[in-house]
Amino acid sequence: MAVDEQREHKWLGKSVKRKEDERFVRGRGNYLDDIKLPRMLHMSILRSPYAHARILSIDTSRAEALEGVVAVVTGELLAQHNLAWMPTLSGDTQAVLATDKVRMQGQEVACVVAESPYIAHDALELIEVDYEPLQAVTSPQQALEAGAPLIRDDKEGQEDNRVYHWESGDLEATDRAFAEADRVVSLETFYPRCHPAPLECCGCIADVDPATSRATIYMTSQAPHVIRTVFALVAGLPEHNIRIVSPDIGGGFGNKVPVYPGYVVATAASLLIGRPVKWIEDRTGNLISTGFARDFHMKGDLALTSEGKMLGLRVKMLSDQGYAYADAQPSKFKAGLFHLVTGSYDLPAAHIVTDGAYTNKAPGGVAYRCSFRITEASFLIERLVQSAAYEIGMDPVEFRRLNFIKADQFPYESATGFVYDSGDYERALDLALEQIGYAELREEQKRAREEGRLIGIGVASFTEAVGAGPSKDYDILGIKMFDSAELRLHPTGKAILKLGVKSQGQGHETTFAQIVSEELGIPPEDVHVVEGDTDNTPYGLGTYASRSTPTAGGATALIARTLREKAKRIAAHLLEASEEDLDWDGERFAVKGAPDRAKTIQEVIFAAYTDLPEGMDAGLEGVKYYDPPNLTFPFGTYAVVVEIDRGTGQWKPIRVVAVDDCGVRINPMIVEGQIMGGLTEGYAMAAMELITFDEDGNCIGSNFMDYLIPTAWETPHFELHETVTPSPHHPIGAKGVGESATVGSPAAFVNAVVDALAHVGVRNLEMPVTSDKVWEALNEAGLAQ
Amino acid sequence: MLGERGEDAKILSGGQSLIPLLKLRFASPAVVVDINRIAGLDTLAEEDGGLRIGALVRTKTCELSELLRDRYPILSQAAAQISDPIIRNLGTVCGSVAHADPQGDWGSALMAAGAEAVARGPGGERTLPLSDFFQGPFTTTLEPTEVVTEIRVPGPGERSGGAYLKLERRVGDFATAAVGVQVSFEAGKIARAGIGLTGVGATNLRATEAEQALVGAELDEEAIQGAAELAAQAADPQSDTRGSAEYKRHVVRVFTERALRASAGKANG
Ligand SMILES: Cc1cc2nc3c(=O)[nH]c(=O)nc-3n(C[C@H](O)[C@H](O)[C@H](O)COP(=O)(O)OP(=O)(O)OC[C@H]3O[C@@H](n4cnc5c(N)ncnc54)[C@H](O)[C@@H]3O)c2cc1C
């Protein structure tokens, strides 16, 4: 399935304007809250004020008596229908509405269904819940101590707060590497809990029609087909009678993959009441209860020779899972793809030990714009590499270069079992260094230090593994992670493309149309892309982990090629030539040596309905389920320059240079948009995003005054560059790109701030790197002004 | 209306503090009195050598005002650093002062500039110097039946300088710490000094001792550092997610120094 290199690309590599933007910029998008159904009711959720407490009683009578309230749903009521608990995407269980205990602040305790959203919210204050507060567990270290309060006492056989223990790599080989090492350099760091915080919060409208028994559920879901299957399993509804529709989605970033209690209660309520029920989550509900990200405590040790060559890597990671293990990730890998922690380096040996623990916090964590926990992995290795370089007295960039996997080593099998498809890490690094003027910057840094100014230069050379994935290794709840495309060509030469994935702003309606255009010569404006409606699209696992182009993109190219083959047979019939005598020029079939004797693709499509060869079925359409042979491995180098204010500890990015290699670029403008967004989020995590808790388990970061995301004002200016190393196995040579920048850039920003202070021995600053932390480091080093 | 309903009624100016309180159900007054359509409350002008800021003057208007930029830079700079443009478009100076958030910027900037509030109620009109207006977080000497109709700021004199420096975690955030400084000079010496502190106490604070130390002195490096130290001592910050008390106190010192240095050039010309 090699790259189609026969001819120049006609539509790939073109910055076609996004087809979907017309409706977005005109305010004509159709988001969940825009949908209004006749006789629709509104639901609000009562949440627990405590992180850990026993529920003694719930009295709903005053709420029920309020005029306009139709029903108050509690866990007890759900339990009667066996719906009080639901499975998570990691095979654990999570409460829909609490029955026995609440296990996190913000947990769903009861729901009010009322004639208006205002009444539904007013009624929440009338529900009386009697709690007996219990000691809260607020860190995974505390969770695993002997005698820690047992959080999941509902689970039979669960005697402590451990969620999983999982190892990867070769312990013996790694031990040998460390025994032989001249130097061992370590770094301990914490990737704190943050949140994807999409602009649109979650929500749904459940419409279970008593007349037809069909459940139509409009939902903010990145993965509608999987959700339908989970609903069939949880609610016992026949799957053909469930239709999940994901309308326009205002950002997901992993937050909209899981199943949330609100979806389930709204559906149950609609089933019981017989009217549509709408639930719109508010910002606080979103920040405190839905899929958070990260929360990994990590330690890495690097075994080195005296020349700085890497011999082995040892990693220990402890993850804070909240009260349920609810990562949306391939079942086989307990800590997602964290074992990609060897990164861009030729590491002969590696061993990774991971543990997960329950705490009294929101369940998760989802991969916030990354391929299953690779952000954490990339951050650790890129931070560790910088530390190691300082310790052995090498420039961090030269240390990277010395240890990179070399271009001629691909395909490269890593010590933890990944087979990297293609790469040229040095080329990307060199381009970044040249663009930022690395050598001169190091000189400037020296001069600045003499003048009393602090400048730092941070680099990160990341590798991602995206596009899950090959069915032999990748499934969610047993469902293999293929994806699909259905292509229909209509008589007048126009196309409808239906996909199993679901855009949340990534520009699928344009990108996937361009793939069809490239393969069939139909211009993108003639290709209508349909996603998100389980009645009308082929089964697929959805959009996250940068998987849409690697999976559904492959399916699209292949189904288009299949239809082109049939079209060629029709063209041969029309031109009275044999198939072998026809050339395809990207838009037309022409007789070899007689280019005037040709049929355009549109003429051939028309003939598929009007003038067929004997014995051929009419029509031109088909479905392709594509099981990718491997993941794709995008990579790049980010370089950041910062300056620190010695008076206040504030730091500011002065320049940010990004070199990305995502293989063949389908729509460069959309790719750049993805990278800018990812760099913004990377900066945000490095500088400000944080969800933290006090010792009672109260969430600090429950609104946008406390949970900080950058505005346009703070967001640095980005300078983008590219190299192109096609994926050898993807049908059009593309790799995923949606998450590269979120994965790679946090380390570059932190590395830059640490670099400004490296000469006085600073090796680590924990994220978010706030001005008070920098000031403390300055103070300790005697550099504060 | 206010007279009749007392605590049960709330004035609505820009709504940028009141509406969030209502939304979060922290306040649920029975009546909201919208003063936005009352004519004549939007004066922003100098009169009799002083500045008048009417009850409906928006923060945005102050940010864009050339008068403030040229004559009252401390106010112009404070305005530009309050929250974000959307909130500045609606939020009012008088509403902010009446709201008395210890992290509000207007109170400190105006206190440093020597301002007073004009309050009108059933019992007539009163003038309240801002230095003793703020009683505690969200509490002032204002009666529930009184409305702030305007703020008056004394003219800065021939030679004066001022600055408002704010440390925020990102645009739209309240101050981790902020310092407003206003100095007027006569014959090369400081005739009047005002220093206001934001986010480092239970109210907007005035660094009185630092001000007193400056009056009569030349604004040289020694005076600057001495005053900055006194201002840092006047701060009474709490440790929180924005930083430790020690850090905030330090920022007060650094910002007082920087603000005074920025003003020093104005002494003789
Ligand atoms: C996200 C966000 C960020 C913010 N950041 C900052 C910041 O960084 N710095 C800052 O200083 N402020 C900030 N603010 C507050 C903002 O500046 C408010 O606009 C201001 O504090 C209140 O002014 P207002 O006109 O909106 O008052 P309103 O919200 O209308 O009223 C506030 C209170 O004062 C009373 N009141 C209003 N006007 C009068 C009057 N004339 N007389 C008597 N009582 C009155 C009201 O009854 C109410 O209790 C922020 C607000 C938000 C929402």
# chains A, B, ... in the order shown; residues from 1 in each chain; ligands from 1
>>> residues_near_ligand(ligand="ligand 1", cutoff="8 Å", atoms="only C-alpha atoms and all ligand atoms", output="PyMOL selection string")
(chain A and resi 705) or (chain B and resi 9-20+32+35+55-56+58-59+81-84+87-88+90-101+103-107+119+142+144+146-150+168+171-175)
>>> select_by_dssp(residues="stretch 46-179 of chain B", states="strand (DSSP E or B)", output="ChimeraX atom specification")
/B:46-47,50-54,58,92,116-121,124-129,134-136,139-140,147-153,159-167,177-179
>>> residues_around(residues="stretch 460-468 of chain A", least_positions_apart="3", cutoff="7 Å", atoms="only C-alpha atoms", output="PyMOL selection string")
chain A and resi 343-344+371+374+378+382+474+481+545-548+550-551+631-639+736+740+744-745+747-748
>>> interface_residues(of="chain B", to="chain A", cutoff="7 Å", atoms="only C-alpha atoms", output="NGL selection string")
:B and (170-171 or 173 or 243 or 247 or 251 or 254)
>>> residues_around(residues="A:Glu565", least_positions_apart="2", cutoff="12 Å", atoms="only C-alpha atoms", output="MDAnalysis selection string")
chainID A and resid 519:520 558:563 567:572 579:580 582:584 589 601 604:605 620:622
>>> closest_atom_pairs(of="stretch 116-225 of chain A", to="stretch 534-539 of chain A", cutoff="12 Å", atoms="only C-alpha atoms", output="JSON lines")
{"residue": "A:Arg214", "atom": "CA", "partner": "A:Asp535", "partner_atom": "CA", "distance": 11.6}
{"residue": "A:Ala215", "atom": "CA", "partner": "A:Asp535", "partner_atom": "CA", "distance": 11.5}
{"residue": "A:Thr216", "atom": "CA", "partner": "A:Asp535", "partner_atom": "CA", "distance": 9.8}
{"residue": "A:Ile217", "atom": "CA", "partner": "A:Thr534", "partner_atom": "CA", "distance": 10.2}
{"residue": "A:Tyr218", "atom": "CA", "partner": "A:Thr534", "partner_atom": "CA", "distance": 10.6}
{"residue": "A:Met219", "atom": "CA", "partner": "A:Thr534", "partner_atom": "CA", "distance": 11.5}
{"residue": "A:Ser221", "atom": "CA", "partner": "A:Thr534", "partner_atom": "CA", "distance": 11.5}
{"residue": "A:Ala223", "atom": "CA", "partner": "A:Thr534", "partner_atom": "CA", "distance": 9.9}
{"residue": "A:Pro224", "atom": "CA", "partner": "A:Thr534", "partner_atom": "CA", "distance": 6.7}
{"residue": "A:His225", "atom": "CA", "partner": "A:Thr534", "partner_atom": "CA", "distance": 5.9}
>>> write_last_selection(atoms="all heavy atoms", output="compact mmCIF listing (two decimals), in the first residue's frame")
# COMPACT_ATOMS: atom_id res chain seq x y z
N ARG A 214 -37.77 4.25 19.44
CA ARG A 214 -36.42 4.63 19.01
C ARG A 214 -35.88 5.70 19.96
O ARG A 214 -36.58 6.63 20.34
CB ARG A 214 -36.43 5.19 17.59
CG ARG A 214 -36.61 4.13 16.53
CD ARG A 214 -35.86 4.51 15.26
NE ARG A 214 -34.56 3.87 15.20
CZ ARG A 214 -33.53 4.38 14.53
NH1 ARG A 214 -33.61 5.51 13.90
NH2 ARG A 214 -32.38 3.73 14.51
N ALA A 215 -34.62 5.55 20.30
CA ALA A 215 -33.95 6.55 21.14
C ALA A 215 -33.01 7.35 20.25
O ALA A 215 -32.01 6.82 19.76
CB ALA A 215 -33.17 5.87 22.25
N THR A 216 -33.36 8.62 20.03
CA THR A 216 -32.45 9.50 19.28
C THR A 216 -31.77 10.38 20.32
O THR A 216 -32.44 11.07 21.09
CB THR A 216 -33.23 10.36 18.28
OG1 THR A 216 -33.97 9.48 17.43
CG2 THR A 216 -32.29 11.22 17.45
N ILE A 217 -30.45 10.31 20.35
CA ILE A 217 -29.74 11.08 21.36
C ILE A 217 -28.73 12.01 20.68
O ILE A 217 -27.77 11.55 20.06
CB ILE A 217 -29.02 10.14 22.36
CG1 ILE A 217 -30.04 9.14 22.94
CG2 ILE A 217 -28.38 10.95 23.49
CD1 ILE A 217 -29.40 7.96 23.63
N TYR A 218 -29.01 13.28 20.78
CA TYR A 218 -28.08 14.29 20.27
C TYR A 218 -27.04 14.49 21.36
O TYR A 218 -27.40 14.71 22.52
CB TYR A 218 -28.79 15.60 19.97
CG TYR A 218 -29.89 15.44 18.95
CD1 TYR A 218 -31.18 15.09 19.35
CD2 TYR A 218 -29.63 15.62 17.60
CE1 TYR A 218 -32.19 14.92 18.41
CE2 TYR A 218 -30.65 15.46 16.66
CZ TYR A 218 -31.92 15.10 17.08
OH TYR A 218 -32.91 14.93 16.15
N MET A 219 -25.79 14.43 21.02
CA MET A 219 -24.78 14.38 22.07
C MET A 219 -23.48 15.00 21.61
O MET A 219 -23.08 14.85 20.46
CB MET A 219 -24.56 12.90 22.41
CG MET A 219 -23.73 12.66 23.63
SD MET A 219 -23.33 10.92 23.76
CE MET A 219 -24.85 10.25 24.35
N SER A 221 -20.39 14.28 21.32
CA SER A 221 -19.49 13.13 21.44
C SER A 221 -18.49 13.07 20.30
O SER A 221 -18.84 13.22 19.13
CB SER A 221 -20.29 11.83 21.44
OG SER A 221 -19.40 10.74 21.45
N ALA A 223 -17.04 10.36 19.67
CA ALA A 223 -17.02 8.96 19.24
C ALA A 223 -18.43 8.37 19.28
O ALA A 223 -18.74 7.48 20.06
CB ALA A 223 -16.09 8.15 20.14
N PRO A 224 -19.34 8.88 18.41
CA PRO A 224 -20.75 8.49 18.53
C PRO A 224 -21.02 6.99 18.40
O PRO A 224 -21.89 6.47 19.09
CB PRO A 224 -21.44 9.29 17.42
CG PRO A 224 -20.36 9.82 16.54
CD PRO A 224 -19.13 9.90 17.37
N HIS A 225 -20.28 6.31 17.52
CA HIS A 225 -20.60 4.88 17.33
C HIS A 225 -20.29 4.06 18.57
O HIS A 225 -21.07 3.20 18.97
CB HIS A 225 -19.82 4.32 16.12
CG HIS A 225 -20.28 4.88 14.82
ND1 HIS A 225 -21.38 4.42 14.15
CD2 HIS A 225 -19.80 5.92 14.09
CE1 HIS A 225 -21.56 5.12 13.04
NE2 HIS A 225 -20.61 6.04 12.99
>>> atom_distance(atom1="atom CA of A:Tyr438", atom2="atom CA of A:Ile405")
21.8 Å
>>> closest_residue(among="B:Thr61, B:Asn204, B:Thr43, B:Asn89", to="B:Asp236", atoms="only C-alpha atoms")
B:Asn204
>>> atom_distance(atom1="atom CA of A:Pro276", atom2="atom CA of A:Gly540")
26.6 Å
>>> select_by_dssp(residues="stretch 124-261 of chain B", states="helix (DSSP H, G or I)", output="PyMOL selection string")
chain B and resi 130-132+208-214+221-234+245-261
